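Accompanying notes for the structure given below.
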Amino acid sequence: MKVKLGDITKIKTGKLDANAASDDGEYPFFTCSRDPLKISSYSYDCECVLVAGNGDLNVKYYNGKFDAYQRTYIIEAKLPDVLYMPYLYFFMEKYVVELRKLAIGGVIKYIKLGNLTDALIELPSYEQQRTLVERLRKVKCSIDKRNEQLAKLDELVKCRFVEMFGDPTLNPFNWKIVPLSSIIRGNASNGYFAKREEYCQLGNVQVLGVANVVNRMYSSTYNLPRAKATDKDIKKYHIKYGDMLFCRSSLVAEGIGKASIVPPNIPKNTLFECHVIRISLDLSQCVPEYIQVLSTDFYFRKQVIAQSKTATMTTISQDAILKCCVPLPPLELQKEFLTFTHRIDKLRFIVEDNLSFPSLVGAFCIVEVGDKNE
C-alpha cells in the first residue's frame with residue numbers, strides 16, 4: 001500500500017540562520033551541509049529524518065536534542081507504530097534522487113514542501129518496516145566498508161604522486177611551471193543547458209552535472225538524466241577521454257573548482273551541463289590522470305579561487321582555471337604514474353563491484369517485494 005508522506009508525517013523547517021552555529025556548542029545544528037555543525041541551545045527533541053531543502057539535498061536521521069537551519073526540513077511520524085523512522089530514512093535516501101530532479105531555481109536549487117508531502121511511500125506493517133531496515137543496515141555496513149577501502153586506494157594514489165613528483169607547492173624537483181591554458185586543445189567551455197521539460201526517459205543523450213564531478217567518475221554515471229538534443233548539440237557538448245570537467249557553481253566553497261577527468265569508458269552521447277566547465281587536455285603534453293590528481297590539490301584550488309574575477313560562494317570563471325600554473329614533469333614520467341593508477345583502478349573496480357547507491361536501492365526493492373509475498 002502506498003500513501004502520501006504528508007498523510008503520515010509532520011513536516012516543518014528549522015528557524016535559524018546558518019551563522020547561529022557555535023564551535024563549542026553541545027548540540028548538533030543541522031544545515032544543508034552533509035555534516036552537522038554545533039550549537040549551544042536546542043529547539044527540538046525528537047526522532048526525525050532531516051532533508052536539506054536546497055543545495056546538496058542530502059538526508060539525515062537523528063533522535064535527540066538539536067536545532068536546524070531555516071531551509072532544513074524536519075520530518076516526524078504523526079502516530080506511533082505506523083511509520084518506523086529509520087525506514088523513512090532509507091526511503092528518503094532513495095527518493096532524494098527524485099527530489100534533485102524536482103528542485104527548481106538558478107545556481108542554488110531548492111525544493112518545496114509539496115515535493116515532500118506528495119511523495120508516495122510504500123507502507124508495509126510496522127514490524128515489516130523494522131525487518132526491512134535490519135536488512136538494509138547490513139547492506140549499508142558492507143557499502144561503508146568498501147568505501148573505506150576506496151578511500152585508502154585514493155590515498156595510495158596521492159602518496160605515489162608526491163613520491164614521484166613532489167609537493168606541487170614546493171616543486172622540489174624544479175619541474176617546468178606552465179599555465180594550464182598552454183596544455184589544452186581549443187578553448188574552455190560551459191556545457192549544454194536542457195530545460196526541465198526536455199529531460200525524459202527516452203532522451204537520446206545523457207547529461208552529466210555538478211553532482212557527477214567527483215574525484216573519479218567510474219561509478220557516477222548510473223543515474224544521469226536523459227534529454228533530447230540535436231546533432232549540433234551532441235557535436236558541441238559531448239565529452240571524451242582527455243577532457244577535464246570542473247564544477248563552476250557550488251553552494252559551498254569546498255565544491256568550487258571540484259574537478260574530474262572523463263574516463264575512457266564514458267557512455268556514448270554523454271553531454272555536460274551548463275554549471276560544468278570543460279577543458280580538453282593536449283595528450284601529447286600531459287596525462288589526464290596526472291592533471292586530475294594535481295587539480296584536487298590545495299595548491300591548485302587556491303589558485304582557482306584567487307584568480308577568479310567572479311569568485312563567490314557559488315561561481316568561478318573559465319579564465320581562473322586556465323590561468324592556474326602547474327608543474328609539468330616529462331611525459332614519460334607521467335605515463336609511469338598512469339601505469340600505477342591503472343593497477344589501482346583494477347583494484348578499485350573490484351571494490352566497486354556491487355557498491356554504491358544502486359546496491360542500496362536494489363536491496364530496498366528486493367526486500368520490499370519479498371515482504372509483500374510473505
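Labeling convention for the C-alpha cells: chains A, B, ... as they appear, residues from 1 per chain, ligands from 1 in order of appearance.
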For Pro86 (chain A): contacts at 9 Å, only C-alpha atoms, fewer than 3 positions along chain excluded, given as a ChimeraX atom specification: /A:48-49,61,83,89-91,129-130,133
Got time to write the residues from that selection, N, CA, C and O atoms, as a compact mmCIF listing (two decimals), in the first residue's frame?
```
# COMPACT_ATOMS: atom_id res chain seq x y z
N CYS A 48 13.60 11.92 14.13
CA CYS A 48 13.17 12.51 12.86
C CYS A 48 14.13 12.17 11.73
O CYS A 48 15.23 11.66 11.94
N VAL A 49 13.68 12.49 10.53
CA VAL A 49 14.52 12.48 9.34
C VAL A 49 14.63 13.92 8.86
O VAL A 49 13.64 14.64 8.82
N TYR A 61 19.31 11.09 9.57
CA TYR A 61 18.43 10.58 10.63
C TYR A 61 19.00 11.02 11.96
O TYR A 61 20.21 10.97 12.17
N LEU A 83 4.80 4.45 11.30
CA LEU A 83 5.96 4.68 10.46
C LEU A 83 7.22 4.56 11.30
O LEU A 83 7.42 5.32 12.26
N TYR A 89 14.05 6.98 6.68
CA TYR A 89 15.39 7.45 6.30
C TYR A 89 15.89 6.72 5.05
O TYR A 89 16.37 7.35 4.10
N PHE A 90 15.76 5.39 5.04
CA PHE A 90 16.23 4.65 3.87
C PHE A 90 15.40 4.97 2.64
O PHE A 90 15.92 5.04 1.52
N PHE A 91 14.09 5.19 2.85
CA PHE A 91 13.26 5.58 1.71
C PHE A 91 13.72 6.92 1.14
O PHE A 91 13.84 7.09 -0.07
N GLN A 129 8.54 -3.10 8.41
CA GLN A 129 9.47 -1.99 8.23
C GLN A 129 10.75 -2.23 9.04
O GLN A 129 11.86 -2.00 8.56
N ARG A 130 10.58 -2.69 10.28
CA ARG A 130 11.74 -2.95 11.14
C ARG A 130 12.64 -4.05 10.55
O ARG A 130 13.87 -3.95 10.55
N VAL A 133 14.55 -2.68 7.58
CA VAL A 133 15.65 -1.80 7.99
C VAL A 133 16.86 -2.61 8.45
O VAL A 133 18.00 -2.26 8.14
```
Residue contacts of region 108-114 of chain A (12 Å, only C-alpha atoms) excluding same-chain residues fewer than 3 positions away, as a ChimeraX atom specification: /A:4-7,10-13,32,51-58,71-75,96,98-105,117-120,210,249-252,275,313-315
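Of the listed residues (A:Ile266, A:Leu224, A:Val351, A:Val162), A:Val162 comes nearest to Asp297 (chain A); the distances count only C-alpha atoms.
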Residue contacts of Ile291 (chain A) (12 Å, only C-alpha atoms) excluding same-chain residues fewer than 4 positions away, as an MDAnalysis selection string: chainID A and resid 161 165 168 180 183:184 215 242:245 259:262 279:283 285:287 295:297 300 324:329 331 334:335 337:338
